[in-house]
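Novice: Take a look at the following structure, please.
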Amino acid sequence: MNPRRRSFASDNVAPAAPEIIAALSRVNTGTVHSYGDDPETRRLAALAQETFECELVIHPVATGTAANSLALASLVPPFGAVYCHELAHINTDECGAPEFFSGGAKLLTLGSPNGKLAAPQLAAPIAHAREMGVHHVLPAALSISQATEWGTVYRRDELTALAAAAHEHGLKVHMDGARFANAVAHLKCSPAEASWKCGVDALSFGATKNGALAAEAVIFFTPDLAREFELRRKRAGHLWSKMRFLSAQLNACFENELWLRHARQANAMAARLAEGLRKRGIALLQPVEANEVFAAFPAKLSAALRSQEFEFYDWPVPAGSSPAVRLVTAYDMVSDDVDALLAAIPASSA
Ligand SMILES: Cc1ncc(COP(=O)(O)O)c(C=O)c1O
């Protein structure tokens with residue numbers, strides 16, 4: 001059996017989609033100018049503007065960490081504060097890259113049980129920062145993950161309120177959209193309605209988890225904010241000389257809405273999995289809104305599934321709670337993959 005079929009470890013374990021490989025193959029011919037001065041990269045700018053229905057600046061990079069940290073570095077000064085959720089990828093999984101690339105900006109974390117931040121949470125920490133003056137880092141940006149690290153999705157009214165509060169406090173709004181496609185698929189709205197129309201200034205647009213080989217993009221909806229980005233990207237070693245290969249992947253995503261079709265499939269598989277787990281009496285820790293399912297799995301069940309080569313991560317929960325796991329679905333999963341996992345879970349597992 002293909003081991004991927006039993007892996008619910010991450011959306012990163014999936015292969016690149018055939019459309020992406022075809023696009024790479026298609027552009028793998030002849031010579032074109034390097035460093036982004038090529039037809040694919042120009043087409044990307046046009047496709048992104050069409051997709052998001054606005055003027056924007058888009059710059060490809062190869063990893064989500066580069067997208068997030070270089071975007072944030074463009075938004076905040078070295079003495080700036082970036083407010084984010086305590087579980088935000090930028091805080092827990094990027095080895096200090098946002099701090100490093102911004103030249104020392106500080107991430108200040110806020111909590112919530114479901115991965116989302118709410119507008120009223122900003123007032124107190126920002127009032128404190130203002131009161132402390134030069135002794136405190138300067139409030140400069142809010143970074144939110146959409147979908148969140150708990151697999152939940154900010155509704156548009158929540159986003160709008162949060163971004164408005166951030167702007168009132170003089171913060172720029174960054175969205176870590178490693179799973180932006182899954183969020184848009186869940187919200188059933190346009191990409192514009194899920195981003196700049198809610199007040200997002202800069203978006204890390206993820207494609208790798210959604211079928212690309214390695215491609216993400218930083219999108220600035222406020223073009224002024226993009227001024228230094230290209231210098232920062234080069235300095236970080238993230239300016240690909242053969243940029244056509246990054247741009248071709250992103251173009252393949254936008255063409256015929258491949259990115260949304262992929263995300264809808266991943267979300268549908270998560271919904272199917274969640275429903276099947278519920279039927280087996282297994283408690284879910286969060287509403288399943290994107291492509292991640294967090295479930296209370298007794299240790300015996302996890303061991304039994306792993307002995308059948310199913311893969312998933314244990315998820316940290318507060319002391320005293322039942323053990324939990326994270327199950328991630330991906331664009332290439334089909335009902336049989338999900339049903340095979342469900343079939344391996346006895347009805348009396350909870
Ligand atoms: C929320 C979030 N942001 C960003 C990333 C991108 O990380 P990477 O640098 O591994 O591409 C990930 C990947 O796991 C993620 O889950």
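Starting from 1 in every chain, residues are counted up; chains themselves are A, B, ... following the order of the structure tokens, and ligands are numbered from 1 as listed.
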As JSON, numbers by chain, please: the residues near Lys106 in chain A (cut-off 9 Å, only C-alpha atoms, same-chain neighbours under 5 positions excluded).
Specialist: {"A": [78, 79, 80, 81, 82, 83, 98, 99, 137]}
Novice: What does the file look like for those residues with all heavy atoms, as a PDB file, in the first residue's frame?
Specialist:
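Written out: again23.pdb:
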```pdb
ATOM      1  N   PRO A  78      12.610  47.368  13.306  1.00  0.00           N
ATOM      2  CA  PRO A  78      13.318  46.419  14.181  1.00  0.00           C
ATOM      3  C   PRO A  78      12.874  46.535  15.640  1.00  0.00           C
ATOM      4  O   PRO A  78      12.973  45.587  16.401  1.00  0.00           O
ATOM      5  CB  PRO A  78      14.794  46.830  14.060  1.00  0.00           C
ATOM      6  CG  PRO A  78      14.869  47.659  12.831  1.00  0.00           C
ATOM      7  CD  PRO A  78      13.516  48.248  12.582  1.00  0.00           C
ATOM      8  N   PHE A  79      12.345  47.697  15.993  1.00  0.00           N
ATOM      9  CA  PHE A  79      11.885  47.910  17.381  1.00  0.00           C
ATOM     10  C   PHE A  79      10.366  47.769  17.465  1.00  0.00           C
ATOM     11  O   PHE A  79       9.727  48.274  18.391  1.00  0.00           O
ATOM     12  CB  PHE A  79      12.327  49.284  17.893  1.00  0.00           C
ATOM     13  CG  PHE A  79      12.114  50.373  16.874  1.00  0.00           C
ATOM     14  CD1 PHE A  79      10.876  50.979  16.741  1.00  0.00           C
ATOM     15  CD2 PHE A  79      13.153  50.752  16.013  1.00  0.00           C
ATOM     16  CE1 PHE A  79      10.663  51.945  15.780  1.00  0.00           C
ATOM     17  CE2 PHE A  79      12.944  51.722  15.047  1.00  0.00           C
ATOM     18  CZ  PHE A  79      11.704  52.328  14.922  1.00  0.00           C
ATOM     19  N   GLY A  80       9.783  47.052  16.487  1.00  0.00           N
ATOM     20  CA  GLY A  80       8.324  46.913  16.441  1.00  0.00           C
ATOM     21  C   GLY A  80       7.831  45.687  17.193  1.00  0.00           C
ATOM     22  O   GLY A  80       8.586  44.740  17.461  1.00  0.00           O
ATOM     23  N   ALA A  81       6.536  45.712  17.511  1.00  0.00           N
ATOM     24  CA  ALA A  81       5.865  44.551  18.108  1.00  0.00           C
ATOM     25  C   ALA A  81       4.901  43.973  17.089  1.00  0.00           C
ATOM     26  O   ALA A  81       4.199  44.702  16.401  1.00  0.00           O
ATOM     27  CB  ALA A  81       5.079  44.973  19.348  1.00  0.00           C
ATOM     28  N   VAL A  82       4.912  42.642  17.004  1.00  0.00           N
ATOM     29  CA  VAL A  82       3.936  41.934  16.162  1.00  0.00           C
ATOM     30  C   VAL A  82       3.042  41.131  17.109  1.00  0.00           C
ATOM     31  O   VAL A  82       3.527  40.238  17.815  1.00  0.00           O
ATOM     32  CB  VAL A  82       4.643  40.958  15.185  1.00  0.00           C
ATOM     33  CG1 VAL A  82       3.616  40.160  14.383  1.00  0.00           C
ATOM     34  CG2 VAL A  82       5.587  41.709  14.263  1.00  0.00           C
ATOM     35  N   TYR A  83       1.765  41.463  17.160  1.00  0.00           N
ATOM     36  CA  TYR A  83       0.834  40.720  18.001  1.00  0.00           C
ATOM     37  C   TYR A  83       0.327  39.509  17.218  1.00  0.00           C
ATOM     38  O   TYR A  83      -0.011  39.627  16.040  1.00  0.00           O
ATOM     39  CB  TYR A  83      -0.344  41.616  18.425  1.00  0.00           C
ATOM     40  CG  TYR A  83       0.144  42.772  19.284  1.00  0.00           C
ATOM     41  CD1 TYR A  83       0.511  43.986  18.705  1.00  0.00           C
ATOM     42  CD2 TYR A  83       0.289  42.617  20.662  1.00  0.00           C
ATOM     43  CE1 TYR A  83       0.995  45.031  19.487  1.00  0.00           C
ATOM     44  CE2 TYR A  83       0.774  43.657  21.445  1.00  0.00           C
ATOM     45  CZ  TYR A  83       1.130  44.866  20.857  1.00  0.00           C
ATOM     46  OH  TYR A  83       1.617  45.879  21.622  1.00  0.00           O
ATOM     47  N   PRO A  98      10.985  35.405  11.902  1.00  0.00           N
ATOM     48  CA  PRO A  98      10.397  36.762  11.832  1.00  0.00           C
ATOM     49  C   PRO A  98      11.231  37.777  12.615  1.00  0.00           C
ATOM     50  O   PRO A  98      11.433  38.913  12.155  1.00  0.00           O
ATOM     51  CB  PRO A  98       9.010  36.586  12.451  1.00  0.00           C
ATOM     52  CG  PRO A  98       8.685  35.133  12.253  1.00  0.00           C
ATOM     53  CD  PRO A  98       9.997  34.423  12.395  1.00  0.00           C
ATOM     54  N   GLU A  99      11.732  37.365  13.765  1.00  0.00           N
ATOM     55  CA  GLU A  99      12.569  38.270  14.567  1.00  0.00           C
ATOM     56  C   GLU A  99      13.884  38.537  13.822  1.00  0.00           C
ATOM     57  O   GLU A  99      14.366  39.667  13.763  1.00  0.00           O
ATOM     58  CB  GLU A  99      12.872  37.639  15.938  1.00  0.00           C
ATOM     59  CG  GLU A  99      11.643  37.454  16.838  1.00  0.00           C
ATOM     60  CD  GLU A  99      10.961  36.098  16.692  1.00  0.00           C
ATOM     61  OE1 GLU A  99      10.996  35.525  15.579  1.00  0.00           O
ATOM     62  OE2 GLU A  99      10.387  35.626  17.688  1.00  0.00           O
ATOM     63  N   VAL A 137       8.565  47.736  23.012  1.00  0.00           N
ATOM     64  CA  VAL A 137       8.573  47.713  21.543  1.00  0.00           C
ATOM     65  C   VAL A 137       7.325  48.428  21.024  1.00  0.00           C
ATOM     66  O   VAL A 137       6.289  48.450  21.682  1.00  0.00           O
ATOM     67  CB  VAL A 137       8.633  46.265  20.986  1.00  0.00           C
ATOM     68  CG1 VAL A 137      10.054  45.768  20.909  1.00  0.00           C
ATOM     69  CG2 VAL A 137       7.760  45.316  21.801  1.00  0.00           C
TER      70      VAL A 137
END
```
Novice: Could you give me, as a ChimeraX atom specification, each residue of range 50-175 of chain A that DSSP assigns to helix (DSSP H, G or I) when run on this structure's backbone?
Specialist: /A:50-52,64-75,89-92,97-101,119-121,123-135,156-168
Novice: How would you write, as a ChimeraX atom specification, the set of residues no farther than 9 Å from ligand 1 when counting only C-alpha atoms and all ligand atoms?
Specialist: /A:10-12,62-68,88-90,93-94,145-149,176-179,204,206,208-209,214-216
Novice: If you count only C-alpha atoms, which residues fall within 9 Å of range 334-343 of chain A, apart from same-chain ones fewer than 6 positions away, as a PyMOL selection string?
Specialist: chain A and resi 5-6+265-266+268-270+272-273+276-277+280+305+310
Novice: For the selection you just gave me, I'd like the residues written to a file as a short mmCIF file (atom, residue, chain, number, x, y, z; two decimals), in the first residue's frame, keeping all heavy atoms.
Specialist:
```cif
data_model
loop_
_atom_site.label_atom_id
_atom_site.label_comp_id
_atom_site.auth_asym_id
_atom_site.auth_seq_id
_atom_site.Cartn_x
_atom_site.Cartn_y
_atom_site.Cartn_z
N ARG A 5 -1.22 7.05 1.70
CA ARG A 5 -2.64 6.79 1.89
C ARG A 5 -2.97 6.63 3.36
O ARG A 5 -4.12 6.75 3.75
CB ARG A 5 -3.05 5.54 1.12
CG ARG A 5 -3.02 5.76 -0.36
CD ARG A 5 -4.20 6.59 -0.83
NE ARG A 5 -4.03 7.02 -2.20
CZ ARG A 5 -4.23 8.26 -2.60
NH1 ARG A 5 -4.60 9.18 -1.73
NH2 ARG A 5 -4.05 8.58 -3.84
N ARG A 6 -1.99 6.28 4.17
CA ARG A 6 -2.26 6.10 5.60
C ARG A 6 -1.70 7.24 6.42
O ARG A 6 -1.69 7.19 7.64
CB ARG A 6 -1.69 4.76 6.07
CG ARG A 6 -2.39 3.62 5.36
CD ARG A 6 -2.32 2.30 6.07
NE ARG A 6 -3.40 1.46 5.56
CZ ARG A 6 -4.04 0.54 6.26
NH1 ARG A 6 -3.72 0.32 7.50
NH2 ARG A 6 -5.00 -0.17 5.72
N GLN A 265 -11.60 19.82 -1.82
CA GLN A 265 -11.44 18.37 -1.64
C GLN A 265 -10.85 18.06 -0.25
O GLN A 265 -11.34 17.19 0.47
CB GLN A 265 -10.54 17.81 -2.75
CG GLN A 265 -10.27 16.32 -2.66
CD GLN A 265 -11.53 15.47 -2.81
OE1 GLN A 265 -12.57 15.95 -3.27
NE2 GLN A 265 -11.44 14.21 -2.39
N ALA A 266 -9.81 18.79 0.11
CA ALA A 266 -9.17 18.56 1.42
C ALA A 266 -10.18 18.82 2.54
O ALA A 266 -10.29 18.04 3.50
CB ALA A 266 -7.95 19.46 1.57
N ALA A 268 -13.44 18.72 2.36
CA ALA A 268 -14.52 17.71 2.34
C ALA A 268 -14.04 16.43 3.02
O ALA A 268 -14.80 15.76 3.74
CB ALA A 268 -14.95 17.42 0.90
N MET A 269 -12.77 16.07 2.82
CA MET A 269 -12.25 14.86 3.45
C MET A 269 -12.14 15.04 4.97
O MET A 269 -12.38 14.11 5.74
CB MET A 269 -10.87 14.50 2.85
CG MET A 269 -10.94 14.05 1.40
SD MET A 269 -12.05 12.62 1.13
CE MET A 269 -13.53 13.42 0.53
N ALA A 270 -11.82 16.25 5.41
CA ALA A 270 -11.77 16.51 6.87
C ALA A 270 -13.18 16.43 7.46
O ALA A 270 -13.38 15.86 8.54
CB ALA A 270 -11.15 17.89 7.12
N ARG A 272 -15.64 14.67 6.31
CA ARG A 272 -16.04 13.25 6.32
C ARG A 272 -15.40 12.51 7.51
O ARG A 272 -16.04 11.72 8.20
CB ARG A 272 -15.58 12.61 4.99
CG ARG A 272 -16.02 11.19 4.79
CD ARG A 272 -15.50 10.65 3.46
NE ARG A 272 -15.98 9.32 3.20
CZ ARG A 272 -17.08 9.04 2.48
NH1 ARG A 272 -17.76 10.01 1.94
NH2 ARG A 272 -17.46 7.79 2.30
N LEU A 273 -14.13 12.82 7.71
CA LEU A 273 -13.41 12.20 8.82
C LEU A 273 -14.04 12.60 10.16
O LEU A 273 -14.28 11.75 11.04
CB LEU A 273 -11.94 12.65 8.75
CG LEU A 273 -11.00 12.17 9.84
CD1 LEU A 273 -10.96 10.65 9.90
CD2 LEU A 273 -9.58 12.71 9.58
N GLY A 276 -17.30 10.80 10.72
CA GLY A 276 -17.08 9.39 11.05
C GLY A 276 -16.58 9.22 12.48
O GLY A 276 -16.98 8.29 13.20
N LEU A 277 -15.71 10.12 12.92
CA LEU A 277 -15.20 10.03 14.29
C LEU A 277 -16.33 10.28 15.29
O LEU A 277 -16.46 9.57 16.29
CB LEU A 277 -14.06 11.05 14.50
CG LEU A 277 -12.76 10.77 13.72
CD1 LEU A 277 -11.76 11.91 13.91
CD2 LEU A 277 -12.14 9.44 14.14
N ARG A 280 -18.39 7.45 15.90
CA ARG A 280 -17.75 6.42 16.72
C ARG A 280 -17.57 6.89 18.16
O ARG A 280 -16.85 6.28 18.94
CB ARG A 280 -16.39 6.04 16.11
CG ARG A 280 -16.56 5.13 14.92
CD ARG A 280 -15.35 5.09 14.01
NE ARG A 280 -15.57 4.16 12.92
CZ ARG A 280 -16.39 4.40 11.87
NH1 ARG A 280 -17.05 5.55 11.80
NH2 ARG A 280 -16.55 3.50 10.93
N LEU A 305 -3.78 2.12 15.83
CA LEU A 305 -3.79 2.67 14.46
C LEU A 305 -2.36 2.75 13.91
O LEU A 305 -2.11 2.45 12.74
CB LEU A 305 -4.45 4.05 14.44
CG LEU A 305 -5.96 4.04 14.71
CD1 LEU A 305 -6.49 5.46 14.85
CD2 LEU A 305 -6.71 3.30 13.59
N PHE A 310 -0.98 3.78 10.19
CA PHE A 310 -1.58 5.11 10.06
C PHE A 310 -0.66 6.10 10.76
O PHE A 310 -0.08 5.79 11.80
CB PHE A 310 -2.98 5.14 10.68
CG PHE A 310 -4.00 4.41 9.86
CD1 PHE A 310 -4.46 3.16 10.26
CD2 PHE A 310 -4.46 4.95 8.68
CE1 PHE A 310 -5.38 2.47 9.49
CE2 PHE A 310 -5.39 4.28 7.89
CZ PHE A 310 -5.84 3.03 8.30
#
```
Novice: Calculated over only C-alpha atoms, which of the candidates A:Ser25, A:Ser69, A:Thr31, A:Asn182 has the smallest distance to Ala236 in chain A?
Specialist: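 Counting only C-alpha atoms, the residue closest to Ala236 in chain A is A:Ser69.
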Novice: Using only C-alpha atoms, which residues sit within 12 Å of Leu225 in chain A once same-chain residues fewer than 3 positions away are excluded, as an mmCIF file with all heavy atoms, in the first residue's frame?
Specialist:
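Output below, filename around.cif:
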```cif
data_model
loop_
_atom_site.group_PDB
_atom_site.id
_atom_site.type_symbol
_atom_site.label_atom_id
_atom_site.label_comp_id
_atom_site.auth_asym_id
_atom_site.auth_seq_id
_atom_site.Cartn_x
_atom_site.Cartn_y
_atom_site.Cartn_z
ATOM 1 N N LEU A 56 -2.294 44.925 -6.848
ATOM 2 C CA LEU A 56 -1.523 44.349 -5.747
ATOM 3 C C LEU A 56 -0.091 44.125 -6.219
ATOM 4 O O LEU A 56 0.219 44.243 -7.412
ATOM 5 C CB LEU A 56 -2.148 43.029 -5.272
ATOM 6 C CG LEU A 56 -2.459 41.935 -6.311
ATOM 7 C CD1 LEU A 56 -1.228 41.188 -6.747
ATOM 8 C CD2 LEU A 56 -3.459 40.955 -5.751
ATOM 9 N N VAL A 57 0.759 43.810 -5.255
ATOM 10 C CA VAL A 57 2.135 43.424 -5.589
ATOM 11 C C VAL A 57 2.311 42.002 -5.088
ATOM 12 O O VAL A 57 1.960 41.698 -3.934
ATOM 13 C CB VAL A 57 3.154 44.358 -4.893
ATOM 14 C CG1 VAL A 57 4.583 43.891 -5.160
ATOM 15 C CG2 VAL A 57 2.960 45.789 -5.358
ATOM 16 N N ILE A 58 2.806 41.120 -5.947
ATOM 17 C CA ILE A 58 2.976 39.715 -5.536
ATOM 18 C C ILE A 58 4.419 39.290 -5.777
ATOM 19 O O ILE A 58 4.980 39.574 -6.841
ATOM 20 C CB ILE A 58 1.971 38.787 -6.260
ATOM 21 C CG1 ILE A 58 2.175 37.324 -5.814
ATOM 22 C CG2 ILE A 58 2.038 38.894 -7.780
ATOM 23 C CD1 ILE A 58 1.011 36.397 -6.179
ATOM 24 N N LEU A 70 9.539 37.496 5.814
ATOM 25 C CA LEU A 70 9.894 38.630 4.946
ATOM 26 C C LEU A 70 8.719 39.608 4.824
ATOM 27 O O LEU A 70 8.921 40.820 4.725
ATOM 28 C CB LEU A 70 10.337 38.132 3.573
ATOM 29 C CG LEU A 70 11.656 37.337 3.596
ATOM 30 C CD1 LEU A 70 11.940 36.730 2.231
ATOM 31 C CD2 LEU A 70 12.819 38.209 4.049
ATOM 32 N N ALA A 71 7.510 39.091 4.866
ATOM 33 C CA ALA A 71 6.345 39.996 4.857
ATOM 34 C C ALA A 71 6.358 40.842 6.125
ATOM 35 O O ALA A 71 6.223 42.077 6.068
ATOM 36 C CB ALA A 71 5.052 39.193 4.773
ATOM 37 N N LEU A 72 6.527 40.183 7.255
ATOM 38 C CA LEU A 72 6.504 40.936 8.519
ATOM 39 C C LEU A 72 7.656 41.933 8.594
ATOM 40 O O LEU A 72 7.488 43.059 9.078
ATOM 41 C CB LEU A 72 6.547 39.964 9.716
ATOM 42 C CG LEU A 72 5.220 39.229 9.947
ATOM 43 C CD1 LEU A 72 5.392 38.094 10.951
ATOM 44 C CD2 LEU A 72 4.131 40.202 10.427
ATOM 45 N N ALA A 73 8.813 41.523 8.088
ATOM 46 C CA ALA A 73 9.968 42.433 8.110
ATOM 47 C C ALA A 73 9.665 43.693 7.300
ATOM 48 O O ALA A 73 10.180 44.778 7.610
ATOM 49 C CB ALA A 73 11.202 41.720 7.556
ATOM 50 N N SER A 74 8.813 43.542 6.281
ATOM 51 C CA SER A 74 8.466 44.709 5.467
ATOM 52 C C SER A 74 7.456 45.610 6.180
ATOM 53 O O SER A 74 7.294 46.768 5.807
ATOM 54 C CB SER A 74 7.829 44.271 4.147
ATOM 55 O OG SER A 74 8.720 43.449 3.452
ATOM 56 N N LEU A 75 6.759 45.054 7.142
ATOM 57 C CA LEU A 75 5.674 45.812 7.787
ATOM 58 C C LEU A 75 6.103 46.508 9.076
ATOM 59 O O LEU A 75 5.431 47.434 9.522
ATOM 60 C CB LEU A 75 4.490 44.881 8.104
ATOM 61 C CG LEU A 75 3.833 44.123 6.947
ATOM 62 C CD1 LEU A 75 2.627 43.332 7.443
ATOM 63 C CD2 LEU A 75 3.398 45.074 5.839
ATOM 64 N N VAL A 76 7.150 46.007 9.710
ATOM 65 C CA VAL A 76 7.470 46.525 11.053
ATOM 66 C C VAL A 76 8.930 46.962 11.152
ATOM 67 O O VAL A 76 9.808 46.395 10.492
ATOM 68 C CB VAL A 76 7.183 45.455 12.142
ATOM 69 C CG1 VAL A 76 5.755 44.954 12.050
ATOM 70 C CG2 VAL A 76 8.152 44.287 12.048
ATOM 71 N N LYS A 172 -0.327 47.370 11.148
ATOM 72 C CA LYS A 172 -0.564 46.769 9.838
ATOM 73 C C LYS A 172 -1.098 45.355 10.083
ATOM 74 O O LYS A 172 -0.792 44.737 11.116
ATOM 75 C CB LYS A 172 0.748 46.663 9.035
ATOM 76 C CG LYS A 172 1.435 47.999 8.836
ATOM 77 C CD LYS A 172 0.691 48.832 7.814
ATOM 78 C CE LYS A 172 1.417 50.106 7.453
ATOM 79 N NZ LYS A 172 1.508 51.075 8.552
ATOM 80 N N VAL A 173 -1.850 44.844 9.113
ATOM 81 C CA VAL A 173 -2.443 43.515 9.292
ATOM 82 C C VAL A 173 -1.832 42.522 8.313
ATOM 83 O O VAL A 173 -1.933 42.683 7.090
ATOM 84 C CB VAL A 173 -3.979 43.567 9.108
ATOM 85 C CG1 VAL A 173 -4.579 42.173 9.244
ATOM 86 C CG2 VAL A 173 -4.592 44.522 10.130
ATOM 87 N N HIS A 174 -1.202 41.501 8.895
ATOM 88 C CA HIS A 174 -0.613 40.422 8.091
ATOM 89 C C HIS A 174 -1.423 39.147 8.306
ATOM 90 O O HIS A 174 -1.842 38.867 9.429
ATOM 91 C CB HIS A 174 0.845 40.169 8.523
ATOM 92 C CG HIS A 174 1.398 38.874 7.990
ATOM 93 N ND1 HIS A 174 1.586 37.746 8.768
ATOM 94 C CD2 HIS A 174 1.775 38.515 6.735
ATOM 95 C CE1 HIS A 174 2.074 36.758 8.022
ATOM 96 N NE2 HIS A 174 2.199 37.204 6.788
ATOM 97 N N ASP A 201 -3.561 43.775 4.988
ATOM 98 C CA ASP A 201 -2.583 44.559 4.218
ATOM 99 C C ASP A 201 -1.617 43.667 3.436
ATOM 100 O O ASP A 201 -1.199 44.019 2.333
ATOM 101 C CB ASP A 201 -1.766 45.446 5.166
ATOM 102 C CG ASP A 201 -2.633 46.486 5.862
ATOM 103 O OD1 ASP A 201 -3.310 47.251 5.158
ATOM 104 O OD2 ASP A 201 -2.646 46.513 7.109
ATOM 105 N N ALA A 202 -1.232 42.561 4.048
ATOM 106 C CA ALA A 202 -0.265 41.658 3.391
ATOM 107 C C ALA A 202 -0.647 40.221 3.697
ATOM 108 O O ALA A 202 -0.994 39.891 4.840
ATOM 109 C CB ALA A 202 1.151 41.937 3.878
ATOM 110 N N LEU A 203 -0.579 39.386 2.669
ATOM 111 C CA LEU A 203 -0.986 37.984 2.802
ATOM 112 C C LEU A 203 0.157 37.072 2.398
ATOM 113 O O LEU A 203 0.742 37.239 1.328
ATOM 114 C CB LEU A 203 -2.193 37.736 1.870
ATOM 115 C CG LEU A 203 -2.629 36.285 1.630
ATOM 116 C CD1 LEU A 203 -3.222 35.669 2.897
ATOM 117 C CD2 LEU A 203 -3.661 36.208 0.487
ATOM 118 N N VAL A 218 4.088 36.259 -1.343
ATOM 119 C CA VAL A 218 3.695 37.365 -0.467
ATOM 120 C C VAL A 218 2.928 38.350 -1.332
ATOM 121 O O VAL A 218 3.419 38.787 -2.381
ATOM 122 C CB VAL A 218 4.923 38.041 0.169
ATOM 123 C CG1 VAL A 218 4.481 39.224 1.034
ATOM 124 C CG2 VAL A 218 5.691 37.034 1.014
ATOM 125 N N ILE A 219 1.734 38.650 -0.890
ATOM 126 C CA ILE A 219 0.877 39.578 -1.641
ATOM 127 C C ILE A 219 0.655 40.824 -0.787
ATOM 128 O O ILE A 219 0.191 40.737 0.355
ATOM 129 C CB ILE A 219 -0.480 38.922 -1.977
ATOM 130 C CG1 ILE A 219 -0.256 37.667 -2.840
ATOM 131 C CG2 ILE A 219 -1.394 39.917 -2.690
ATOM 132 C CD1 ILE A 219 -1.522 36.916 -3.203
ATOM 133 N N PHE A 220 1.023 41.967 -1.350
ATOM 134 C CA PHE A 220 0.775 43.240 -0.662
ATOM 135 C C PHE A 220 -0.424 43.898 -1.327
ATOM 136 O O PHE A 220 -0.395 44.194 -2.527
ATOM 137 C CB PHE A 220 1.988 44.171 -0.782
ATOM 138 C CG PHE A 220 3.191 43.693 -0.008
ATOM 139 C CD1 PHE A 220 4.204 42.983 -0.637
ATOM 140 C CD2 PHE A 220 3.320 43.969 1.350
ATOM 141 C CE1 PHE A 220 5.316 42.544 0.071
ATOM 142 C CE2 PHE A 220 4.433 43.532 2.070
ATOM 143 C CZ PHE A 220 5.432 42.816 1.425
ATOM 144 N N PHE A 221 -1.458 44.136 -0.528
ATOM 145 C CA PHE A 221 -2.635 44.820 -1.061
ATOM 146 C C PHE A 221 -2.466 46.341 -0.974
ATOM 147 O O PHE A 221 -3.241 47.084 -1.556
ATOM 148 C CB PHE A 221 -3.892 44.366 -0.314
ATOM 149 C CG PHE A 221 -4.157 42.892 -0.455
ATOM 150 C CD1 PHE A 221 -4.006 42.032 0.621
ATOM 151 C CD2 PHE A 221 -4.536 42.365 -1.682
ATOM 152 C CE1 PHE A 221 -4.229 40.671 0.491
ATOM 153 C CE2 PHE A 221 -4.772 40.999 -1.831
ATOM 154 C CZ PHE A 221 -4.609 40.151 -0.734
ATOM 155 N N THR A 222 -1.491 46.738 -0.179
ATOM 156 C CA THR A 222 -1.141 48.149 -0.087
ATOM 157 C C THR A 222 0.252 48.251 -0.712
ATOM 158 O O THR A 222 1.247 48.000 -0.042
ATOM 159 C CB THR A 222 -1.114 48.586 1.402
ATOM 160 O OG1 THR A 222 -2.330 48.159 2.003
ATOM 161 C CG2 THR A 222 -0.948 50.076 1.567
ATOM 162 N N GLU A 228 10.354 47.690 0.123
ATOM 163 C CA GLU A 228 11.669 47.103 0.435
ATOM 164 C C GLU A 228 11.697 45.593 0.262
ATOM 165 O O GLU A 228 12.721 44.967 0.502
ATOM 166 C CB GLU A 228 12.026 47.416 1.887
ATOM 167 C CG GLU A 228 12.205 48.884 2.162
ATOM 168 C CD GLU A 228 12.248 49.160 3.652
ATOM 169 O OE1 GLU A 228 12.084 48.210 4.447
ATOM 170 O OE2 GLU A 228 12.444 50.326 4.015
ATOM 171 N N PHE A 229 10.552 45.009 -0.090
ATOM 172 C CA PHE A 229 10.465 43.553 -0.057
ATOM 173 C C PHE A 229 11.529 42.876 -0.919
ATOM 174 O O PHE A 229 12.175 41.915 -0.513
ATOM 175 C CB PHE A 229 9.076 43.066 -0.478
ATOM 176 C CG PHE A 229 8.941 41.574 -0.339
ATOM 177 C CD1 PHE A 229 8.514 41.011 0.850
ATOM 178 C CD2 PHE A 229 9.305 40.716 -1.372
ATOM 179 C CE1 PHE A 229 8.423 39.637 1.007
ATOM 180 C CE2 PHE A 229 9.230 39.336 -1.223
ATOM 181 C CZ PHE A 229 8.783 38.809 -0.034
ATOM 182 N N GLU A 230 11.717 43.421 -2.124
ATOM 183 C CA GLU A 230 12.633 42.740 -3.042
ATOM 184 C C GLU A 230 14.070 42.732 -2.520
ATOM 185 O O GLU A 230 14.814 41.772 -2.705
ATOM 186 C CB GLU A 230 12.551 43.374 -4.424
ATOM 187 C CG GLU A 230 11.239 43.022 -5.094
ATOM 188 C CD GLU A 230 11.126 43.599 -6.477
ATOM 189 O OE1 GLU A 230 11.685 42.989 -7.397
ATOM 190 O OE2 GLU A 230 10.496 44.663 -6.613
#
```
Novice: Using only C-alpha atoms, can you tell me which of A:Arg326, A:Pro113, A:Gly320, A:Lys279 comes closest to Ala296 in chain A?
Specialist: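 Answer, going by the shortest atom-to-atom distance: A:Arg326.
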Novice: Would you please give, as a ChimeraX atom specification, all residues of range 94-333 of chain A that DSSP assigns to strand (DSSP E or B) based on the backbone?
Specialist: /A:106-110,138-145,172-177,202-206,216-220,284,292-296,311,313-315,324-328
Novice: Would you mind telling me which residue in A:Met333, A:Val328, A:Leu138, A:Leu231 lies nearest to Phe101 in chain A when using only C-alpha atoms?
Specialist: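 Result for the nearest residue to Phe101 in chain A: A:Leu231.
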Novice: Please identify all polymer residues within 12 Å of Asp157 in chain A, counting only C-alpha atoms, omitting same-chain residues fewer than 5 positions from it, and present them as a PyMOL selection string.
Specialist: chain A and resi 118-119+162-164+187+193-195+197-199
Novice: Skipping near chain neighbours, those fewer than 2 positions away, what residues fall within 9 Å of Val293 in chain A using only C-alpha atoms, listed as number ranges by chain?
Specialist: A: 150-151, 270-271, 273-274, 284-291, 295, 325-329
Novice: Which residues come within 12 Å of range 33-36 of chain A, counting only C-alpha atoms, excluding same-chain residues fewer than 5 positions away, as a list in words?
Specialist: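 So, after excluding close chain neighbours, the residues are Thr41, Arg42, Arg43, Leu44, Ala45, Ile58, His59, Pro60, Val61, Glu230, Arg233, Lys234, Gly237, His238, Leu239, Trp240, Ser241, Lys242, Met243, Arg244, Phe245, Leu246, Ser247 and Ala248 of chain A.
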Novice: Counting only C-alpha atoms, which residue out of A:Ile126, A:Ala330, A:Ile20, A:Met175 sits closest to Ser7 in chain A?
Specialist: A:Ala330
